[in-house]
Amino acid sequence: MIIAQITDMHVMAAGQMAFGRIDVNANLAAALARLAAHDPRPDIVLVTGDMTFDGEVDEYTALAGIMAGCDIPFHVMPGNHDNRARIRAAFPGHDYLPRGGFLHYTIDAHPLRIIALDTLNPESVDGQLCARRLDWLAARLAEAPDRPTLIAMHHPPIDIGIGWLASDRFEGRDAARDIIARHGQVVGVICGHVHRCVQAQWANTVVHTGAPTAYQFPLDLKPHAERGWVAEPPAYSLHYWRAESGLVSHTGYADGFGAAQEFIE
Ligand SMILES: [Fe+2]
């Protein structure tokens with residue numbers, strides 16, 4: 001089974017550029033085109049949040065238009081730049097999304113079970129898993145202990161070492177760790193939010209943050225690194241799962257990058 005992950009697309013209203021310079025909408029379209037060209041094709045696409053720049057209606061309209069070009073079944077979840085009601089409105093045919101409350105759900109139709117979590121706190125950029133969401137997670141894990149399971153959510157439950165991101169500010173993180181650590185069927189936790197591809201050990205499993213399609217945050221591990229962005233290539237993840245060998249996570253780059261490569265004779 002191949003699970004594609006796209007994350008942090010930060011789509012703008014049609015014709016707008018992020019920071020006046022980055023065509024984030026074109027980056028998303030390029031990443032989708034690259035996904036569609038993979039052979040074998042991904043079975044599903046998981047979209048791990050921050051789908052829009054500011055959660056505005058015009059941005060969701062642009063997002064839905066671009067995602068309409070994705071003919072691989074895709075599933076969405078919210079990031080801190082998203083709005084639950086507007087996600088529901090943008091994707092009316094996505095019946096896996098609960099009609100009210102948190103946008104969490106399971107995908108059970110594949111050999112690898114997927115649990116998508118909603119870590120949005122509308123009051124904050126930081127992650128949140130409140131008691132109700134933690135109870136829901138614990139119940140989902142308890143009901144299928146023998147099924148290999150991948151957890152997907154926007155906020156990573158780890159400190160990636162880039163200080164200004166404060167990626168360890170996540171309400172309910174330690175409780176989530178304790179729940180997940182008790183369930184050996186969890187083969188990985190895939191996230192976004194930090195705009196870089198990072199791996200870390202956590203809760204007896206592995207956390208992978210997917211590289212974004214929009215723009216990256218600089219790889220600067222100085223304790224007081226300044227907040228910023230850098231136009232590294234738009235990217236996506238391919239998570240390749242086989243029962244005999246487990247989960248392997250790759251990063252791929254969207255078309256247009258690599259075209260200027262030179263060969264060494
Ligand atoms: Fe983001």
# chains A, B, ... in the order shown; residues from 1 in each chain; ligands from 1
$ residues_near_ligand --ligand "ligand 1" --cutoff "9 Å" --atoms "only C-alpha atoms and all ligand atoms" --output "ChimeraX atom specification"
/A:7-10,49-53,79-81,154,192-195,212,214-216
$ residues_around --residues "Pro98 (chain A)" --least-positions-apart "6" --cutoff "10 Å" --atoms "only C-alpha atoms" --output "list in words"
Arg88, His104 and Tyr105 of chain A
$ residues_around --residues "Ser167 (chain A)" --least-positions-apart "5" --cutoff "7 Å" --atoms "only C-alpha atoms" --output "mmCIF file with N, CA and C atoms, in the first residue's frame"
data_model
loop_
_atom_site.group_PDB
_atom_site.id
_atom_site.type_symbol
_atom_site.label_atom_id
_atom_site.label_comp_id
_atom_site.auth_asym_id
_atom_site.auth_seq_id
_atom_site.Cartn_x
_atom_site.Cartn_y
_atom_site.Cartn_z
ATOM 1 N N PRO A 156 2.938 18.014 14.975
ATOM 2 C CA PRO A 156 3.793 16.935 15.466
ATOM 3 C C PRO A 156 3.909 17.016 16.994
ATOM 4 N N ILE A 158 6.398 16.609 18.865
ATOM 5 C CA ILE A 158 7.832 16.598 19.199
ATOM 6 C C ILE A 158 8.410 18.004 19.030
ATOM 7 N N ASP A 159 9.527 18.218 19.723
ATOM 8 C CA ASP A 159 10.300 19.445 19.540
ATOM 9 C C ASP A 159 11.334 19.170 18.456
ATOM 10 N N ILE A 160 11.247 19.861 17.329
ATOM 11 C CA ILE A 160 12.180 19.562 16.230
ATOM 12 C C ILE A 160 13.459 20.378 16.320
#
$ residues_around --residues "Gly172 (chain A)" --least-positions-apart "2" --cutoff "9 Å" --atoms "only C-alpha atoms" --output "list in words"
Gly127, Gln128, Leu129, Cys130, Ala131, Leu134, Phe170, Asp174, Ala175, Ala176 and Arg177 of chain A
$ write_last_selection --atoms "C-alpha atoms" --output "compact mmCIF listing (two decimals), in the first residue's frame"
# COMPACT_ATOMS: atom_id res chain seq x y z
CA GLY A 127 -1.64 21.67 18.75
CA GLN A 128 -4.39 20.40 21.00
CA LEU A 129 -5.84 17.01 21.85
CA CYS A 130 -8.44 17.62 24.52
CA ALA A 131 -9.94 14.89 26.73
CA LEU A 134 -7.92 11.63 23.47
CA PHE A 170 0.92 20.86 22.19
CA ASP A 174 1.96 13.57 26.84
CA ALA A 175 -1.44 11.94 27.30
CA ALA A 176 -1.44 11.08 23.59
CA ARG A 177 2.05 9.63 23.98
$ residues_around --residues "region 14-29 of chain A" --least-positions-apart "5" --cutoff "6 Å" --atoms "only C-alpha atoms" --output "list of chain:residue names"
A:Ala62, A:Thr213, A:Ala214, A:Pro234
$ write_last_selection --atoms "N, CA and C atoms" --output "compact mmCIF listing (two decimals), in the first residue's frame"
# COMPACT_ATOMS: atom_id res chain seq x y z
N ALA A 62 -10.34 28.23 -3.98
CA ALA A 62 -9.17 27.92 -4.81
C ALA A 62 -8.66 26.52 -4.51
N THR A 213 4.20 21.54 0.56
CA THR A 213 4.21 22.00 -0.83
C THR A 213 4.43 23.51 -0.91
N ALA A 214 4.08 24.27 0.14
CA ALA A 214 4.03 25.73 0.02
C ALA A 214 5.43 26.36 0.04
N PRO A 234 8.91 22.55 -3.55
CA PRO A 234 7.67 21.95 -3.02
C PRO A 234 7.80 20.43 -3.03
$ atom_distance --atom1 "CA of Ala203 (chain A)" --atom2 "CA of Pro122 (chain A)"
26.1 Å
$ select_by_dssp --residues "region 62-112 of chain A" --states "strand (DSSP E or B)" --output "JSON list (two decimals) with N, CA and C atoms, in the first residue's frame"
[["chain", "number", "residue", "atom", "x", "y", "z"],
["A", 74, "PHE", "N", -8.57, 11.39, -1.89],
["A", 74, "PHE", "CA", -7.81, 12.11, -0.86],
["A", 74, "PHE", "C", -8.69, 12.38, 0.36],
["A", 75, "HIS", "N", -8.02, 12.49, 1.50],
["A", 75, "HIS", "CA", -8.69, 12.72, 2.78],
["A", 75, "HIS", "C", -8.02, 13.92, 3.43],
["A", 76, "VAL", "N", -8.83, 14.79, 3.98],
["A", 76, "VAL", "CA", -8.30, 16.05, 4.53],
["A", 76, "VAL", "C", -8.44, 16.07, 6.05],
["A", 105, "TYR", "N", -11.45, 10.82, 12.09],
["A", 105, "TYR", "CA", -12.12, 9.68, 11.43],
["A", 105, "TYR", "C", -11.09, 8.57, 11.23],
["A", 106, "THR", "N", -11.59, 7.40, 10.88],
["A", 106, "THR", "CA", -10.68, 6.30, 10.52],
["A", 106, "THR", "C", -10.91, 5.94, 9.06],
["A", 107, "ILE", "N", -9.88, 5.36, 8.45],
["A", 107, "ILE", "CA", -9.99, 4.81, 7.09],
["A", 107, "ILE", "C", -9.66, 3.32, 7.23]]
$ residues_around --residues "Gly163 (chain A)" --least-positions-apart "2" --cutoff "7 Å" --atoms "only C-alpha atoms" --output "VMD selection string"
chain A and resid 161 165 to 166 223 to 225
$ write_last_selection --atoms "N, CA, C and O atoms" --output "short mmCIF file (atom, residue, chain, number, x, y, z; two decimals), in the first residue's frame"
data_model
loop_
_atom_site.label_atom_id
_atom_site.label_comp_id
_atom_site.auth_asym_id
_atom_site.auth_seq_id
_atom_site.Cartn_x
_atom_site.Cartn_y
_atom_site.Cartn_z
N GLY A 161 13.61 21.22 17.34
CA GLY A 161 14.87 21.91 17.55
C GLY A 161 14.97 23.27 16.89
O GLY A 161 16.01 23.92 16.96
N LEU A 165 9.65 27.90 16.33
CA LEU A 165 8.46 27.13 16.01
C LEU A 165 7.75 26.63 17.26
O LEU A 165 6.54 26.40 17.24
N ALA A 166 8.53 26.43 18.34
CA ALA A 166 7.96 25.92 19.60
C ALA A 166 7.03 24.74 19.33
O ALA A 166 5.90 24.68 19.80
N PRO A 223 19.78 28.44 18.97
CA PRO A 223 18.71 28.56 19.97
C PRO A 223 17.78 29.74 19.71
O PRO A 223 16.59 29.67 20.02
N HIS A 224 18.31 30.82 19.14
CA HIS A 224 17.46 32.00 18.93
C HIS A 224 17.34 32.31 17.43
O HIS A 224 17.35 33.47 17.03
N ALA A 225 17.24 31.27 16.64
CA ALA A 225 17.08 31.45 15.19
C ALA A 225 15.86 32.32 14.92
O ALA A 225 14.84 32.23 15.61
#
$ closest_residue --among "A:Ala30, A:Ala37, A:Ile3, A:Ser249" --to "Pro233 (chain A)" --atoms "only C-alpha atoms"
A:Ala30
$ residues_around --residues "region 186-189 of chain A" --least-positions-apart "5" --cutoff "8 Å" --atoms "only C-alpha atoms" --output "VMD selection string"
chain A and resid 148 to 153 180 205 to 208 246 to 247
$ closest_residue --among "A:Leu141, A:Val47, A:Ile162, A:Ala68" --to "Ala211 (chain A)" --atoms "only C-alpha atoms"
A:Val47
$ select_by_dssp --residues "region 32-244 of chain A" --states "alpha helix (DSSP H)" --output "JSON, numbers by chain"
{"A": [32, 33, 34, 35, 36, 37, 57, 58, 59, 60, 61, 62, 63, 64, 65, 66, 67, 84, 85, 86, 87, 88, 89, 90, 131, 132, 133, 134, 135, 136, 137, 138, 139, 140, 141, 142, 143, 173, 174, 175, 176, 177, 178, 179, 180, 181]}
$ atom_distance --atom1 "CA of Tyr253 (chain A)" --atom2 "CA of His94 (chain A)"
27.1 Å
